[in-house]
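Enquirer: The structure that follows is given in the form of structure tokens.
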Amino acid sequence: MDKPLSASVEDAMKNISVTLLAVAVGCAFFQPVRAAEGARFKEKVVWSFGSGTDGQYPAAGLTDENGTLYGTTTFGGAQDEGTVFSVDPGTGTETVLHSFCTKRHRYCLDGAVPLAALINVGGKLFGTTDGGGADCQVGPPCGGTVFSLNPVTGKEKLYYSFCGHPDRCMGDGYFVTASLLDVGGVLYGTTDEGGDNDFGVAFSIDLETGAEKRLHSFCSEPHCTDGRNSGNGLVAVNGTLYGTTVAGGANYAACENAGCGVIYALDPGTASETVVYSFLGGANDGWGPEGNLILENGLLYGVTEAGGREGCNFPIGCGTVFSFDPGMGAEKILYSFCQAENCADGALPIAGLVAANGKLYGTTISGGANGHGAVFSVDPATGAETVLYSFCRKQNCKDGSAPESSLINLNGMLYGTTKEGGAYGKGVVFALPLP
């Protein structure tokens with residue numbers, strides 16, 4: 001493997017990561033508090049990862065193509081560098097379509113350690129890997145890839161290999177942790193590190209030519225007021241791309257002197273980036289936005305991993321759900337986590353949301369009735385939050401534990417993955433009825 005998974009965030013962010021990990025551990029060790037949600041919403045494990053050369057530890061959400069679910073696992077597979085898989089939600093049949101690092105050389109020329117969800121473009125699946133790629137021929141570290149996969153034949157094609165070493169990267173980004181966005185045959189994405197300032201880039205790839213273009217190198221302004229560590233996905237709104245960064249922003253002195261993160265707008269034509277909101281952190285706002293933003297009824301919705309109400313490991317906080325009006329430039333906190341005893345309402349959301357039936361649905365990696373994460377809904381009109389399911393209700397967490405992924409709505413069911421738990425302790429695909 002090109003680099004440890006834990007090293008995917010730039011060195012200057014380690015203090016934040018360690019602090020947030022401490023919050024997660026603290027939430028996970030709360031005494032169990034049984035909630036009433038289990039009687040109403042029954043979860044089903046569709047597939048447990050970890051048997052033989054199967055994938056292990058899925059960190060990303062799922063993609064639907066003609067009723068079949070597709071996804072990635074971070075590790076496992078024939079070379080233990082991750083997989084692309086399919087699951088039939090009706091039968092529970094899982095198939096490994098591709099094991100990464102089959103083109104091994106000394107390292108993984110076809111990519112390694114996928115962390116993001118796949119997207120469907122013209123019948124093919126497109127995704128990213130955090131490591132591996134053609135640059136590995138020069139030597140580690142390797143910067144990751146953009147790849148496509150034919151879901152019928154399982155054939156993988158490498159579209160672009162990112163550079164993995166600052167001394168030879170010439171401003172290229174590296175360590176791709178987010179899914180891609182397709183806009184008219186051009187893929188847009190971000191890297192967590194690299195670029196002119198080594199704090200990540202926004203990039204595009206033309207599917208016809210394979211040409212990659214760096215649109216913006218983050219931390220181009222003093223104190224990274226334009227944002228830093230940009231490893232979250234993008235969403236298009238009227239021809240403008242919107243995204244978030246984990247750190248940076250106008251409030252640089254806050255949040256471990258690294259900034260609390262931003263929402264930014266990016267013009268794909270001119271490559272002009274504008275910060276439209278800088279998070280404040282503390283009790284009144286979020287800190288460290290994670291996952292993709294979604295657009296619903298003219299508003300953008302997302303989550304922050306930290307920040308929120310006072311009393312939840314303050315001043316760190318246990319995370320928020322927020323809205324942002326791109327027309328007015330106004331941000332609003334809809335819900336701050338850990339308002340229930342022992343964080344039974346969930347804590348630390350790190351995956352994007354999905355909208356269905358007028359509500360927002362998401363996951364938290366910690367909290368819930370058993371301290372191992374939850375599926376929740378938030379009413380954007382009232383801010384009311386409901387826990388639909390708390391993981392680790394079964395012995396040894398065979399129903400899953402620590403979901404890091406977004407959900408998908410398919411035929412009235414919510415499908416997702418957990419990174420841990422299951423029959424082999426290495427993650428599951430689960431289904432939950434949509435209320």
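Chains: A, B, ... in order of the structure tokens. Residues: from 1 per chain. Ligands: from 1, in order shown.
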Considering only C-alpha atoms, return as number ranges by chain whatever protein or nucleic-acid residues lie within 7 Å of stretch 288-297 of chain A, sequence-local ones (same chain, fewer than 2 positions apart) excluded.
Expert: A: 232-235, 243-247, 260-261, 286, 299-306, 350-353
Enquirer: Can you list, as a PyMOL selection string, all residues belonging to stretch 117-295 of chain A that DSSP tags as strand (DSSP E or B)?
Expert: chain A and resi 119-121+124-129+131+145-149+156-161+173-174+181-183+186-190+193-194+201-206+212-217+228+235-237+240-245+247+262-266+273-278+286-295
Enquirer: So the first atom is atom CA of A:Leu348 and the second is atom CA of A:Ala254; what is the distance between them in Å, to one decimal place?
Expert: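 Atom CA of A:Ala254 lies at a distance of 19.0 Å from atom CA of A:Leu348.
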Enquirer: Work out how far atom CA of A:Ala116 is from atom CA of A:Cys142, in Å to one decimal.
Expert: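 These atoms are spaced 17.2 Å apart.
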Enquirer: When you count only C-alpha atoms, which of these residues is closest to A:Thr240: A:Ala355, A:Cys318, A:Ala423, A:Val183?
Expert: A:Val183
Enquirer: Pick out the closest residue to A:Gly71 from this set: A:Thr53, A:Thr128, A:Thr91, A:Thr274. Count only C-alpha atoms.
Expert: A:Thr128
Enquirer: Within 10 Å of A:Cys338, counting only C-alpha atoms, which residues show up once you throw out same-chain ones fewer than 2 positions away? Write them as JSON, numbers by chain, please.
Expert: {"A": [27, 308, 309, 310, 311, 312, 313, 317, 318, 319, 320, 335, 336, 340, 341, 342, 343, 344, 345, 346, 347, 348, 367, 368]}
Enquirer: Keeping only N, CA and C atoms, write the selected residues to a file as a PDB file, in the first residue's frame.
Expert:
ATOM      1  N   CYS A  27     -17.415   8.976  22.656  1.00  0.00           N
ATOM      2  CA  CYS A  27     -18.812   8.672  22.375  1.00  0.00           C
ATOM      3  C   CYS A  27     -19.055   7.178  22.335  1.00  0.00           C
ATOM      4  N   GLY A 308     -20.940  22.504  16.922  1.00  0.00           N
ATOM      5  CA  GLY A 308     -22.292  22.318  17.411  1.00  0.00           C
ATOM      6  C   GLY A 308     -22.423  22.635  18.880  1.00  0.00           C
ATOM      7  N   ARG A 309     -23.443  22.120  19.478  1.00  0.00           N
ATOM      8  CA  ARG A 309     -23.908  22.546  20.795  1.00  0.00           C
ATOM      9  C   ARG A 309     -22.842  22.441  21.878  1.00  0.00           C
ATOM     10  N   GLU A 310     -22.919  23.370  22.804  1.00  0.00           N
ATOM     11  CA  GLU A 310     -22.027  23.354  23.957  1.00  0.00           C
ATOM     12  C   GLU A 310     -22.392  22.181  24.863  1.00  0.00           C
ATOM     13  N   GLY A 311     -21.380  21.548  25.416  1.00  0.00           N
ATOM     14  CA  GLY A 311     -21.602  20.432  26.324  1.00  0.00           C
ATOM     15  C   GLY A 311     -21.212  19.100  25.717  1.00  0.00           C
ATOM     16  N   CYS A 312     -21.123  19.027  24.377  1.00  0.00           N
ATOM     17  CA  CYS A 312     -20.685  17.793  23.740  1.00  0.00           C
ATOM     18  C   CYS A 312     -19.198  17.911  23.449  1.00  0.00           C
ATOM     19  N   ASN A 313     -18.370  17.561  24.454  1.00  0.00           N
ATOM     20  CA  ASN A 313     -16.927  17.684  24.335  1.00  0.00           C
ATOM     21  C   ASN A 313     -16.527  19.082  23.870  1.00  0.00           C
ATOM     22  N   GLY A 317     -17.215  19.640  20.045  1.00  0.00           N
ATOM     23  CA  GLY A 317     -18.546  19.383  19.522  1.00  0.00           C
ATOM     24  C   GLY A 317     -18.641  18.045  18.827  1.00  0.00           C
ATOM     25  N   CYS A 318     -19.862  17.567  18.618  1.00  0.00           N
ATOM     26  CA  CYS A 318     -20.109  16.256  18.023  1.00  0.00           C
ATOM     27  C   CYS A 318     -20.710  16.320  16.634  1.00  0.00           C
ATOM     28  N   GLY A 319     -20.698  17.512  16.010  1.00  0.00           N
ATOM     29  CA  GLY A 319     -21.113  17.616  14.626  1.00  0.00           C
ATOM     30  C   GLY A 319     -22.485  18.220  14.425  1.00  0.00           C
ATOM     31  N   THR A 320     -22.763  18.601  13.179  1.00  0.00           N
ATOM     32  CA  THR A 320     -24.010  19.286  12.847  1.00  0.00           C
ATOM     33  C   THR A 320     -24.536  18.854  11.483  1.00  0.00           C
ATOM     34  N   TYR A 335     -29.394  20.997  12.948  1.00  0.00           N
ATOM     35  CA  TYR A 335     -29.344  20.108  14.106  1.00  0.00           C
ATOM     36  C   TYR A 335     -27.907  19.965  14.586  1.00  0.00           C
ATOM     37  N   SER A 336     -27.737  20.007  15.912  1.00  0.00           N
ATOM     38  CA  SER A 336     -26.446  19.736  16.550  1.00  0.00           C
ATOM     39  C   SER A 336     -26.534  18.414  17.286  1.00  0.00           C
ATOM     40  N   ALA A 340     -29.133  14.021  23.076  1.00  0.00           N
ATOM     41  CA  ALA A 340     -29.769  13.003  23.906  1.00  0.00           C
ATOM     42  C   ALA A 340     -28.762  12.429  24.895  1.00  0.00           C
ATOM     43  N   GLU A 341     -29.257  11.801  25.914  1.00  0.00           N
ATOM     44  CA  GLU A 341     -28.392  11.194  26.926  1.00  0.00           C
ATOM     45  C   GLU A 341     -27.465  10.175  26.279  1.00  0.00           C
ATOM     46  N   ASN A 342     -26.190  10.266  26.637  1.00  0.00           N
ATOM     47  CA  ASN A 342     -25.180   9.334  26.126  1.00  0.00           C
ATOM     48  C   ASN A 342     -25.079   9.335  24.593  1.00  0.00           C
ATOM     49  N   CYS A 343     -25.399  10.469  23.974  1.00  0.00           N
ATOM     50  CA  CYS A 343     -25.310  10.595  22.509  1.00  0.00           C
ATOM     51  C   CYS A 343     -26.169   9.566  21.782  1.00  0.00           C
ATOM     52  N   ALA A 344     -27.307   9.220  22.357  1.00  0.00           N
ATOM     53  CA  ALA A 344     -28.187   8.250  21.717  1.00  0.00           C
ATOM     54  C   ALA A 344     -28.742   8.763  20.392  1.00  0.00           C
ATOM     55  N   ASP A 345     -28.663  10.081  20.154  1.00  0.00           N
ATOM     56  CA  ASP A 345     -29.116  10.642  18.888  1.00  0.00           C
ATOM     57  C   ASP A 345     -28.034  10.619  17.813  1.00  0.00           C
ATOM     58  N   GLY A 346     -26.860  10.055  18.132  1.00  0.00           N
ATOM     59  CA  GLY A 346     -25.769   9.986  17.174  1.00  0.00           C
ATOM     60  C   GLY A 346     -24.709  11.027  17.441  1.00  0.00           C
ATOM     61  N   ALA A 347     -23.520  10.796  16.873  1.00  0.00           N
ATOM     62  CA  ALA A 347     -22.411  11.734  17.031  1.00  0.00           C
ATOM     63  C   ALA A 347     -21.409  11.519  15.903  1.00  0.00           C
ATOM     64  N   LEU A 348     -20.828  12.612  15.423  1.00  0.00           N
ATOM     65  CA  LEU A 348     -19.774  12.600  14.407  1.00  0.00           C
ATOM     66  C   LEU A 348     -20.256  12.103  13.045  1.00  0.00           C
ATOM     67  N   GLY A 367     -21.957   7.291  18.596  1.00  0.00           N
ATOM     68  CA  GLY A 367     -23.232   7.562  19.229  1.00  0.00           C
ATOM     69  C   GLY A 367     -24.274   6.529  18.863  1.00  0.00           C
ATOM     70  N   GLY A 368     -25.526   6.899  18.994  1.00  0.00           N
ATOM     71  CA  GLY A 368     -26.600   5.928  18.870  1.00  0.00           C
ATOM     72  C   GLY A 368     -26.800   5.216  20.189  1.00  0.00           C
TER      73      GLY A 368
END
Enquirer: Leaving out A:Trp47 and any residue of its chain fewer than 4 positions from it, which residues lie within 8 Å of it when counting only C-alpha atoms, given as a VMD selection string?
Expert: chain A and resid 87 92 to 94 428 to 430
Enquirer: Can you spit out the residues from that selection as a compact mmCIF listing (two decimals), in the first residue's frame, using N, CA, C and O atoms?
Expert:
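Writing the result to again_26.txt gives the following:
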# COMPACT_ATOMS: atom_id res chain seq x y z
N VAL A 87 -23.64 -5.93 -5.64
CA VAL A 87 -24.53 -6.69 -4.76
C VAL A 87 -25.93 -6.64 -5.35
O VAL A 87 -26.43 -5.57 -5.72
N GLY A 92 -29.01 -10.87 -2.28
CA GLY A 92 -27.85 -10.75 -1.40
C GLY A 92 -26.58 -11.31 -2.01
O GLY A 92 -25.57 -11.45 -1.32
N THR A 93 -26.60 -11.60 -3.31
CA THR A 93 -25.42 -12.12 -3.98
C THR A 93 -24.40 -11.01 -4.21
O THR A 93 -24.74 -9.97 -4.79
N GLU A 94 -23.16 -11.23 -3.77
CA GLU A 94 -22.10 -10.24 -3.96
C GLU A 94 -21.05 -10.79 -4.92
O GLU A 94 -20.76 -11.99 -4.89
N VAL A 428 -20.36 -4.30 6.38
CA VAL A 428 -21.56 -4.88 5.79
C VAL A 428 -22.18 -3.92 4.77
O VAL A 428 -21.90 -2.73 4.77
N VAL A 429 -23.02 -4.49 3.90
CA VAL A 429 -24.03 -3.73 3.18
C VAL A 429 -25.34 -3.96 3.90
O VAL A 429 -25.70 -5.11 4.19
N PHE A 430 -26.05 -2.88 4.23
CA PHE A 430 -27.29 -3.04 5.00
C PHE A 430 -28.44 -2.34 4.28
O PHE A 430 -28.26 -1.48 3.40
Enquirer: Using only C-alpha atoms, which of A:Leu109, A:Asn120, A:Leu69, A:Ser48 sits nearest A:Asn409?
Expert: A:Leu69
Enquirer: Just list as a PyMOL selection string whatever in stretch 191-378 of chain A DSSP marks as alpha helix (DSSP H).
Expert: chain A and resi 254-257
Enquirer: Set the distance at 9 Å and use only C-alpha atoms: which residues neighbour A:Lys42 once local chain neighbours fewer than 5 positions away are removed? I'd like the list as a PyMOL selection string.
Expert: chain A and resi 37+388-389+431-433
